[in-house]
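So this one's structure-v5.cif, mmCIF, C-alpha atoms (C1' of nucleotides):
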```
data_run
#
loop_
_atom_site.label_atom_id
_atom_site.label_comp_id
_atom_site.auth_asym_id
_atom_site.auth_seq_id
_atom_site.Cartn_x
_atom_site.Cartn_y
_atom_site.Cartn_z
CA MET A 140 125.51 93.87 128.65
CA LEU A 141 126.17 97.62 128.90
CA TYR A 142 125.70 99.84 125.90
CA ASP A 143 128.55 101.82 124.45
CA PRO A 144 127.69 105.52 124.86
CA LEU A 145 129.92 106.39 121.94
CA MET A 146 128.12 104.00 119.64
CA ARG A 147 125.44 106.07 117.99
CA SER A 148 123.62 103.22 116.30
CA ASP A 149 120.04 102.20 116.90
CA ARG A 150 120.99 98.81 118.31
CA PHE A 151 119.56 97.45 121.54
CA GLN A 152 120.69 93.93 122.32
CA PRO A 153 120.25 93.26 126.03
CA SER A 154 120.91 89.85 127.52
CA SER A 155 118.06 87.74 128.80
CA ALA A 156 119.82 87.64 132.18
CA ASP A 157 119.86 91.44 132.50
CA LEU A 158 116.21 91.84 131.59
CA MET A 159 115.11 88.96 133.81
CA ALA A 160 117.10 90.34 136.74
CA ILE A 161 115.19 93.63 136.49
CA TYR A 162 111.92 91.73 136.13
CA GLN A 163 112.59 89.62 139.20
CA ALA A 164 113.48 92.73 141.22
CA LEU A 165 110.21 94.41 140.23
CA LEU A 166 108.21 91.23 140.79
CA GLY A 167 109.70 90.90 144.25
CA ALA A 168 108.76 94.49 145.07
CA TYR A 169 105.23 94.60 143.68
CA GLY A 170 104.09 90.99 143.21
CA ASP A 171 102.06 89.53 140.40
CA LEU A 172 99.79 92.35 139.19
CA ALA A 173 96.50 91.80 137.39
CA TRP A 174 97.19 94.15 134.54
CA TRP A 175 95.86 95.74 132.26
CA PRO A 176 92.68 96.96 133.97
CA GLY A 177 89.66 96.33 131.74
CA ASP A 178 86.59 94.10 131.66
CA SER A 179 86.68 93.33 127.96
CA ARG A 180 88.85 93.39 124.85
CA PHE A 181 86.94 96.43 123.63
CA GLU A 182 87.42 98.32 126.90
CA ILE A 183 91.16 97.67 126.73
CA MET A 184 91.29 99.05 123.20
CA ILE A 185 89.39 102.18 124.21
CA GLY A 186 91.55 102.60 127.30
CA ALA A 187 94.71 102.34 125.20
CA VAL A 188 93.67 105.43 123.23
CA LEU A 189 92.36 107.35 126.23
CA THR A 190 95.57 106.88 128.20
CA GLN A 191 97.74 108.57 125.59
CA ASN A 192 99.84 111.11 127.49
CA THR A 193 97.35 110.97 130.34
CA ALA A 194 97.30 109.62 133.89
CA TRP A 195 95.24 106.45 134.27
CA THR A 196 93.12 108.02 137.02
CA ASN A 197 91.74 110.42 134.42
CA VAL A 198 91.14 107.54 132.00
CA GLU A 199 89.12 105.75 134.68
CA LYS A 200 86.84 108.76 134.96
CA ALA A 201 86.30 108.81 131.20
CA LEU A 202 85.65 105.06 131.04
CA GLY A 203 83.24 105.45 133.95
CA GLN A 204 81.29 108.10 132.08
CA LEU A 205 81.17 105.95 128.94
CA LYS A 206 79.81 103.04 130.99
CA ALA A 207 77.30 105.24 132.80
CA ALA A 208 76.03 106.42 129.42
CA ASP A 209 75.96 102.82 128.17
CA ALA A 210 78.34 103.98 125.44
CA LEU A 211 81.20 101.54 125.86
CA SER A 212 80.55 99.54 122.72
CA LEU A 213 81.54 99.72 119.08
CA GLU A 214 78.00 100.44 117.93
CA ARG A 215 77.30 103.14 120.50
CA ILE A 216 80.57 104.99 119.91
CA LEU A 217 79.97 105.01 116.18
CA ALA A 218 76.41 106.21 116.75
CA LEU A 219 77.44 109.14 118.97
CA SER A 220 78.37 112.45 117.42
CA GLU A 221 81.98 113.48 117.90
CA ALA A 222 80.86 116.28 120.23
CA GLU A 223 78.83 113.85 122.35
CA LEU A 224 81.72 111.42 122.55
CA ALA A 225 84.16 114.21 123.41
CA ALA A 226 81.91 115.34 126.27
CA LEU A 227 81.86 111.81 127.73
CA ILE A 228 85.63 111.38 127.62
CA ARG A 229 86.43 114.92 128.72
CA PRO A 230 88.24 113.91 131.95
CA SER A 231 90.90 112.05 129.95
CA GLY A 232 92.13 115.29 128.37
CA TYR A 233 92.68 115.95 124.65
CA PHE A 234 89.01 115.02 124.35
CA ASN A 235 88.42 116.41 120.85
CA ILE A 236 91.42 114.57 119.42
CA LYS A 237 90.67 111.38 121.31
CA ALA A 238 87.01 111.40 120.23
CA ASP A 239 88.21 111.36 116.62
CA ARG A 240 90.78 108.66 117.37
CA LEU A 241 88.20 106.44 119.08
CA LYS A 242 85.92 106.73 116.10
CA GLN A 243 88.78 105.94 113.72
CA LEU A 244 89.58 102.83 115.75
CA CYS A 245 85.95 101.72 115.89
CA ARG A 246 85.53 102.20 112.14
CA PHE A 247 88.63 100.09 111.59
CA VAL A 248 87.28 97.27 113.79
CA GLN A 249 83.91 97.43 112.07
CA GLN A 250 85.40 97.41 108.56
CA ALA A 251 87.68 94.53 109.54
CA GLY A 252 84.64 92.43 110.40
CA GLY A 253 84.73 92.87 114.16
CA GLU A 254 87.02 91.89 116.99
CA ALA A 255 86.68 88.16 116.29
CA ALA A 256 87.85 88.61 112.70
CA LEU A 257 90.84 90.64 113.88
CA ALA A 258 91.66 87.99 116.46
CA ARG A 259 92.09 85.44 113.66
CA ARG A 260 94.79 87.52 111.91
CA GLU A 261 98.46 86.66 112.13
CA THR A 262 100.33 88.93 114.55
CA THR A 263 102.53 90.83 112.07
CA GLU A 264 99.59 91.42 109.76
CA LEU A 265 97.41 92.54 112.67
CA ARG A 266 100.10 94.92 113.94
CA THR A 267 100.54 96.49 110.51
CA ALA A 268 96.80 96.98 110.18
CA VAL A 269 96.32 98.50 113.64
CA LEU A 270 99.33 100.80 113.17
CA ALA A 271 97.73 102.12 109.99
CA VAL A 272 94.77 103.50 111.97
CA LYS A 273 95.11 107.25 112.29
CA GLY A 274 95.71 108.15 115.92
CA VAL A 275 97.20 104.79 116.83
CA GLY A 276 100.95 104.98 117.24
CA PRO A 277 103.33 102.17 118.17
CA GLU A 278 102.72 102.20 121.92
CA THR A 279 98.94 102.31 121.63
CA CYS A 280 99.08 99.62 118.95
CA ASP A 281 101.18 97.32 121.08
CA ASP A 282 99.02 97.91 124.18
CA ILE A 283 96.13 96.66 122.06
CA LEU A 284 98.03 93.70 120.61
CA LEU A 285 99.44 92.53 123.93
CA TYR A 286 96.57 93.14 126.33
CA ALA A 287 93.50 92.93 124.09
CA PHE A 288 94.66 90.30 121.58
CA GLU A 289 97.26 88.56 123.74
CA ARG A 290 100.03 88.67 121.14
CA PRO A 291 103.73 88.47 122.13
CA VAL A 292 104.53 92.13 121.44
CA PHE A 293 106.49 94.04 124.08
CA VAL A 294 105.18 97.53 124.88
CA ILE A 295 107.72 100.33 125.06
CA ASP A 296 106.73 103.50 126.87
CA ALA A 297 108.49 106.48 128.42
CA TYR A 298 108.93 104.55 131.68
CA THR A 299 110.61 101.66 129.89
CA ARG A 300 113.07 104.06 128.26
CA ARG A 301 113.92 105.61 131.62
CA LEU A 302 114.31 102.19 133.20
CA LEU A 303 116.73 101.02 130.49
CA LYS A 304 118.68 104.25 130.73
CA ARG A 305 119.01 104.07 134.51
CA TYR A 306 120.19 100.49 134.37
CA GLY A 307 122.70 101.42 131.69
CA LEU A 308 121.21 99.08 129.13
CA ALA A 309 120.30 101.74 126.58
CA ARG A 310 120.76 105.41 125.80
CA GLY A 311 117.01 105.95 125.92
CA ASP A 312 116.71 107.59 122.52
CA GLU A 313 116.69 104.41 120.46
CA SER A 314 113.79 103.92 118.09
CA TYR A 315 110.63 102.32 119.39
CA ASP A 316 111.09 99.16 117.36
CA ALA A 317 114.76 98.77 118.27
CA LEU A 318 113.78 98.62 121.95
CA ARG A 319 110.75 96.42 121.34
CA LEU A 320 112.71 93.91 119.29
CA GLY A 321 115.51 93.92 121.85
CA PHE A 322 113.09 92.81 124.56
CA GLU A 323 111.40 90.28 122.31
CA ARG A 324 114.67 88.69 121.17
CA ALA A 325 116.03 88.45 124.71
CA LEU A 326 112.89 87.22 126.42
CA GLY A 327 111.37 85.05 123.70
CA PRO A 328 107.66 85.13 122.81
CA ASP A 329 105.90 85.09 126.18
CA VAL A 330 102.61 86.97 126.43
CA ASP A 331 102.18 86.54 130.17
CA LEU A 332 105.73 87.70 130.87
CA TYR A 333 105.36 90.76 128.60
CA LYS A 334 102.06 91.69 130.27
CA ALA A 335 103.49 91.36 133.75
CA TYR A 336 106.77 93.09 132.91
CA HIS A 337 105.17 96.18 131.42
CA GLY A 338 102.64 96.33 134.25
CA LEU A 339 105.42 96.19 136.83
CA ILE A 340 107.35 98.98 135.12
CA VAL A 341 104.29 101.23 135.19
CA GLU A 342 103.48 100.29 138.78
CA HIS A 343 107.06 101.03 139.76
CA ALA A 344 106.95 104.41 138.05
CA LYS A 345 103.85 105.34 140.02
CA THR A 346 105.10 104.26 143.41
CA ALA A 347 108.89 104.14 143.43
CA CYS A 348 109.55 107.57 144.92
CA ALA A 349 107.25 106.88 147.84
CA VAL A 350 108.56 103.38 148.41
CA LYS A 351 112.23 103.99 147.79
CA PRO A 352 112.87 107.75 147.96
CA ARG A 353 116.60 107.20 147.82
CA CYS A 354 116.77 104.64 145.05
CA ARG A 355 119.50 105.56 142.60
CA GLN A 356 119.08 103.27 139.64
CA CYS A 357 115.50 102.38 139.11
CA CYS A 358 113.12 105.09 140.28
CA LEU A 359 111.17 106.20 137.23
CA ALA A 360 109.15 109.12 138.50
CA VAL A 361 109.92 112.32 136.64
CA SER A 362 109.90 114.22 139.94
CA CYS A 363 112.59 111.95 141.38
CA PRO A 364 115.80 113.96 142.07
CA GLN A 365 117.80 110.99 140.80
CA ARG A 366 116.18 110.93 137.39
CA LEU A 367 118.40 110.98 134.38
"C1'" DT B 30 101.37 128.62 140.26
"C1'" DA B 31 103.69 125.28 137.72
"C1'" DC B 32 104.60 120.80 136.40
"C1'" DC B 33 103.50 116.22 134.92
"C1'" DA B 34 100.89 112.16 133.11
"C1'" DG B 35 101.02 104.64 130.39
"C1'" DG B 36 101.34 109.76 122.68
"C1'" DA B 37 100.48 110.96 118.13
"C1'" DG B 38 100.24 113.75 114.12
"C1'" DA B 39 100.99 118.05 111.78
"C1'" DA B 40 103.88 121.82 110.88
"C1'" DA B 41 108.22 123.95 110.71
"C1'" DA B 42 113.15 123.98 110.23
"C1'" DT C 83 114.97 113.90 107.98
"C1'" DT C 84 114.67 115.87 112.46
"C1'" DT C 85 112.72 119.00 115.69
"C1'" DT C 86 109.00 121.63 117.49
"C1'" DC C 87 104.28 122.55 118.30
"C1'" DT C 88 99.52 121.33 119.48
"C1'" DC C 89 96.08 118.97 121.83
"C1'" DA C 90 93.72 119.59 127.64
"C1'" DT C 91 92.02 117.64 132.09
"C1'" DG C 92 93.08 116.61 136.89
"C1'" DG C 93 96.34 115.59 140.70
"C1'" DT C 94 100.32 117.11 143.38
#
```
Using structure tokens, write down the structure that the file contains.
Amino acid sequence: MLYDPLMRSDRFQPSSADLMAIYQALLGAYGDLAWWPGDSRFEIMIGAVLTQNTAWTNVEKALGQLKAADALSLERILALSEAELAALIRPSGYFNIKADRLKQLCRFVQQAGGEAALARRETTELRTAVLAVKGVGPETCDDILLYAFERPVFVIDAYTRRLLKRYGLARGDESYDALRLGFERALGPDVDLYKAYHGLIVEHAKTACAVKPRCRQCCLAVSCPQRL
DNA sequence: TACCAGGAGAAAA
DNA sequence: TTTTCTCATGGT
């Protein structure tokens, strides 16, 4: 289903067939990826904040420094001063802001009774609560819900917007929730599919130009001369 | 040297 | 309500 460029509404109602065709094309190109990288639910949550507007390679450095300092835990992060935490996550960029955001997230988890208590919450209630944490926007929230808590919430990022635009399925400026709900309605609640789909989109964005320098529709790299 | 990367919140218009 | 600005390191 192609969108009507003259229709200025916030609607995004793709067909399941269109979205699955893109998924199958990406799956065929990159295979079944083990994604998101992270050894624990807590590490995934921390990584979701650290990766905000930042390349994952820089996040890996920051996570490595947290591990080396034995600081990758709720208790240790809350015990560190903001300056100490900022120094450890420096490679991820925006370290002062992210140090505050990590502490906000850890305080929220602690006040909620821990990860296990959060895991018992119903998905909509959990999403509302996580979104209310200062420094956690919709993408970071949904990274956490999908990959850390395994809830059927589709993650929308800048790559996903470009992908939809290049395939002519969306304008690309629709609201976050319009795009998220469009995926969820078309695909049905499927945690494993959502995880794999988002992972493939990101993988494609990182490698497409090298693999298919002449691709016209799907290459997501900003540096690609075909980008829209 | 300049641009970009798995955003989010505050300030300004 | 919408747009613009700010935060910042590391790779290309």
Could you make a table, as JSON lines, of the residues of chain A that have an atom within 12 Å of an atom of chain C, each with its nearest atom pair and distance in Å to one decimal, counting only C-alpha atoms (C1' of nucleotides), in chain and number order?
```
{"residue": "A:Leu189", "atom": "CA", "partner": "C:DT91", "partner_atom": "C1'", "distance": 11.8}
{"residue": "A:Thr190", "atom": "CA", "partner": "C:DT91", "partner_atom": "C1'", "distance": 12.0}
{"residue": "A:Gln191", "atom": "CA", "partner": "C:DC89", "partner_atom": "C1'", "distance": 11.2}
{"residue": "A:Asn192", "atom": "CA", "partner": "C:DC89", "partner_atom": "C1'", "distance": 10.4}
{"residue": "A:Thr193", "atom": "CA", "partner": "C:DT91", "partner_atom": "C1'", "distance": 8.7}
{"residue": "A:Ala194", "atom": "CA", "partner": "C:DG92", "partner_atom": "C1'", "distance": 8.7}
{"residue": "A:Trp195", "atom": "CA", "partner": "C:DG92", "partner_atom": "C1'", "distance": 10.7}
{"residue": "A:Thr196", "atom": "CA", "partner": "C:DG92", "partner_atom": "C1'", "distance": 8.6}
{"residue": "A:Asn197", "atom": "CA", "partner": "C:DG92", "partner_atom": "C1'", "distance": 6.8}
{"residue": "A:Val198", "atom": "CA", "partner": "C:DT91", "partner_atom": "C1'", "distance": 10.1}
{"residue": "A:Glu199", "atom": "CA", "partner": "C:DG92", "partner_atom": "C1'", "distance": 11.8}
{"residue": "A:Lys200", "atom": "CA", "partner": "C:DG92", "partner_atom": "C1'", "distance": 10.2}
{"residue": "A:Ala201", "atom": "CA", "partner": "C:DT91", "partner_atom": "C1'", "distance": 10.6}
{"residue": "A:Ala225", "atom": "CA", "partner": "C:DA90", "partner_atom": "C1'", "distance": 11.8}
{"residue": "A:Ala226", "atom": "CA", "partner": "C:DT91", "partner_atom": "C1'", "distance": 11.9}
{"residue": "A:Ile228", "atom": "CA", "partner": "C:DT91", "partner_atom": "C1'", "distance": 10.0}
{"residue": "A:Arg229", "atom": "CA", "partner": "C:DT91", "partner_atom": "C1'", "distance": 7.1}
{"residue": "A:Pro230", "atom": "CA", "partner": "C:DT91", "partner_atom": "C1'", "distance": 5.3}
{"residue": "A:Ser231", "atom": "CA", "partner": "C:DT91", "partner_atom": "C1'", "distance": 6.1}
{"residue": "A:Gly232", "atom": "CA", "partner": "C:DT91", "partner_atom": "C1'", "distance": 4.4}
{"residue": "A:Tyr233", "atom": "CA", "partner": "C:DA90", "partner_atom": "C1'", "distance": 4.8}
{"residue": "A:Phe234", "atom": "CA", "partner": "C:DA90", "partner_atom": "C1'", "distance": 7.3}
{"residue": "A:Asn235", "atom": "CA", "partner": "C:DC89", "partner_atom": "C1'", "distance": 8.1}
{"residue": "A:Ile236", "atom": "CA", "partner": "C:DC89", "partner_atom": "C1'", "distance": 6.8}
{"residue": "A:Lys237", "atom": "CA", "partner": "C:DC89", "partner_atom": "C1'", "distance": 9.3}
{"residue": "A:Ala238", "atom": "CA", "partner": "C:DC89", "partner_atom": "C1'", "distance": 11.9}
{"residue": "A:Ser362", "atom": "CA", "partner": "C:DT94", "partner_atom": "C1'", "distance": 10.6}
```
Item to complete: Run the PyMOL selection byres ((chain B and resi 36) around 10) mentally over the shown coordinates, then write out the matched residues as a ChimeraX atom specification, using the chain letters and numbers from the document.
Response: /A:188-193,274-279,296-297 /B:35,37-38
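Computed from the coordinates, the atom CA of Arg259 of chain A to atom CA of Phe288 of chain A distance equals 9.6 Å.
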Fill in: Å distance separating atom CA of Phe293 of chain A from atom CA of Gln243 of chain A, one decimal place
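Taking atom CA of Phe293 of chain A and atom CA of Gln243 of chain A, their separation equals 23.7 Å.
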Discussion item. If I take atom CA of Lys304 of chain A and atom CA of Gln152 of chain A, how far is one from the other in Å, to one decimal?
Written reply: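 Interatomic distance here is 13.5 Å.
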Practice prompt. I would like the residues chosen by the PyMOL selection byres ((chain A and resi 165) around 12) on the shown file; could you give them as a list in words?
Written response: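 Residues picked by the PyMOL selection byres ((chain A and resi 165) around 12): Leu158, Met159, Ala160, Ile161, Tyr162, Gln163, Ala164, Leu166, Gly167, Ala168, Tyr169, Gly170, Asp171, Leu172, Leu302, Ala335, Tyr336, His337, Gly338, Leu339, Ile340, Val341, Glu342, His343, Ala344, Thr346, Ala347, Cys357 and Cys358 of chain A.
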Let me have the centre and edge lengths in Å, one decimal, of the box along x, y and z around every listed atom of segment 84-89 of chain C with 5 Å of margin on each side, as lines of an AutoDock Vina configuration file.
```
center_x = 105.4
center_y = 119.2
center_z = 117.1
size_x = 28.6
size_y = 16.7
size_z = 19.4
```
Worksheet entry | Ground truth for the PyMOL selection byres ((chain A and resi 289) around 12), written as an MDAnalysis selection string | chainID A and resid 175 180 183 257:259 261:262 265 281:288 290:293 328:334
File of the preceding selection, C-alpha atoms, as a PDB file, in the frame of the given file:
```pdb
ATOM      1  CA  TRP A 175      95.860  95.740 132.260  1.00  0.00           C
ATOM      2  CA  ARG A 180      88.850  93.390 124.850  1.00  0.00           C
ATOM      3  CA  ILE A 183      91.160  97.670 126.730  1.00  0.00           C
ATOM      4  CA  LEU A 257      90.840  90.640 113.880  1.00  0.00           C
ATOM      5  CA  ALA A 258      91.660  87.990 116.460  1.00  0.00           C
ATOM      6  CA  ARG A 259      92.090  85.440 113.660  1.00  0.00           C
ATOM      7  CA  GLU A 261      98.460  86.660 112.130  1.00  0.00           C
ATOM      8  CA  THR A 262     100.330  88.930 114.550  1.00  0.00           C
ATOM      9  CA  LEU A 265      97.410  92.540 112.670  1.00  0.00           C
ATOM     10  CA  ASP A 281     101.180  97.320 121.080  1.00  0.00           C
ATOM     11  CA  ASP A 282      99.020  97.910 124.180  1.00  0.00           C
ATOM     12  CA  ILE A 283      96.130  96.660 122.060  1.00  0.00           C
ATOM     13  CA  LEU A 284      98.030  93.700 120.610  1.00  0.00           C
ATOM     14  CA  LEU A 285      99.440  92.530 123.930  1.00  0.00           C
ATOM     15  CA  TYR A 286      96.570  93.140 126.330  1.00  0.00           C
ATOM     16  CA  ALA A 287      93.500  92.930 124.090  1.00  0.00           C
ATOM     17  CA  PHE A 288      94.660  90.300 121.580  1.00  0.00           C
ATOM     18  CA  ARG A 290     100.030  88.670 121.140  1.00  0.00           C
ATOM     19  CA  PRO A 291     103.730  88.470 122.130  1.00  0.00           C
ATOM     20  CA  VAL A 292     104.530  92.130 121.440  1.00  0.00           C
ATOM     21  CA  PHE A 293     106.490  94.040 124.080  1.00  0.00           C
ATOM     22  CA  PRO A 328     107.660  85.130 122.810  1.00  0.00           C
ATOM     23  CA  ASP A 329     105.900  85.090 126.180  1.00  0.00           C
ATOM     24  CA  VAL A 330     102.610  86.970 126.430  1.00  0.00           C
ATOM     25  CA  ASP A 331     102.180  86.540 130.170  1.00  0.00           C
ATOM     26  CA  LEU A 332     105.730  87.700 130.870  1.00  0.00           C
ATOM     27  CA  TYR A 333     105.360  90.760 128.600  1.00  0.00           C
ATOM     28  CA  LYS A 334     102.060  91.690 130.270  1.00  0.00           C
TER      29      LYS A 334
END
```
Discussion item. Measuring between only C-alpha atoms (C1' of nucleotides), which one of A:Arg305, A:Arg266, A:Arg319, A:Lys273 shows the shortest distance to chain B?
Written reply: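 Of A:Arg305, A:Arg266, A:Arg319, A:Lys273, the one nearest chain B, counting only C-alpha atoms (C1' of nucleotides), is A:Lys273.
Nearest residue to chain B, choosing from A:Gly186, A:Ala268, A:Glu223, A:Leu205 and counting all atoms listed in the file: A:Gly186.
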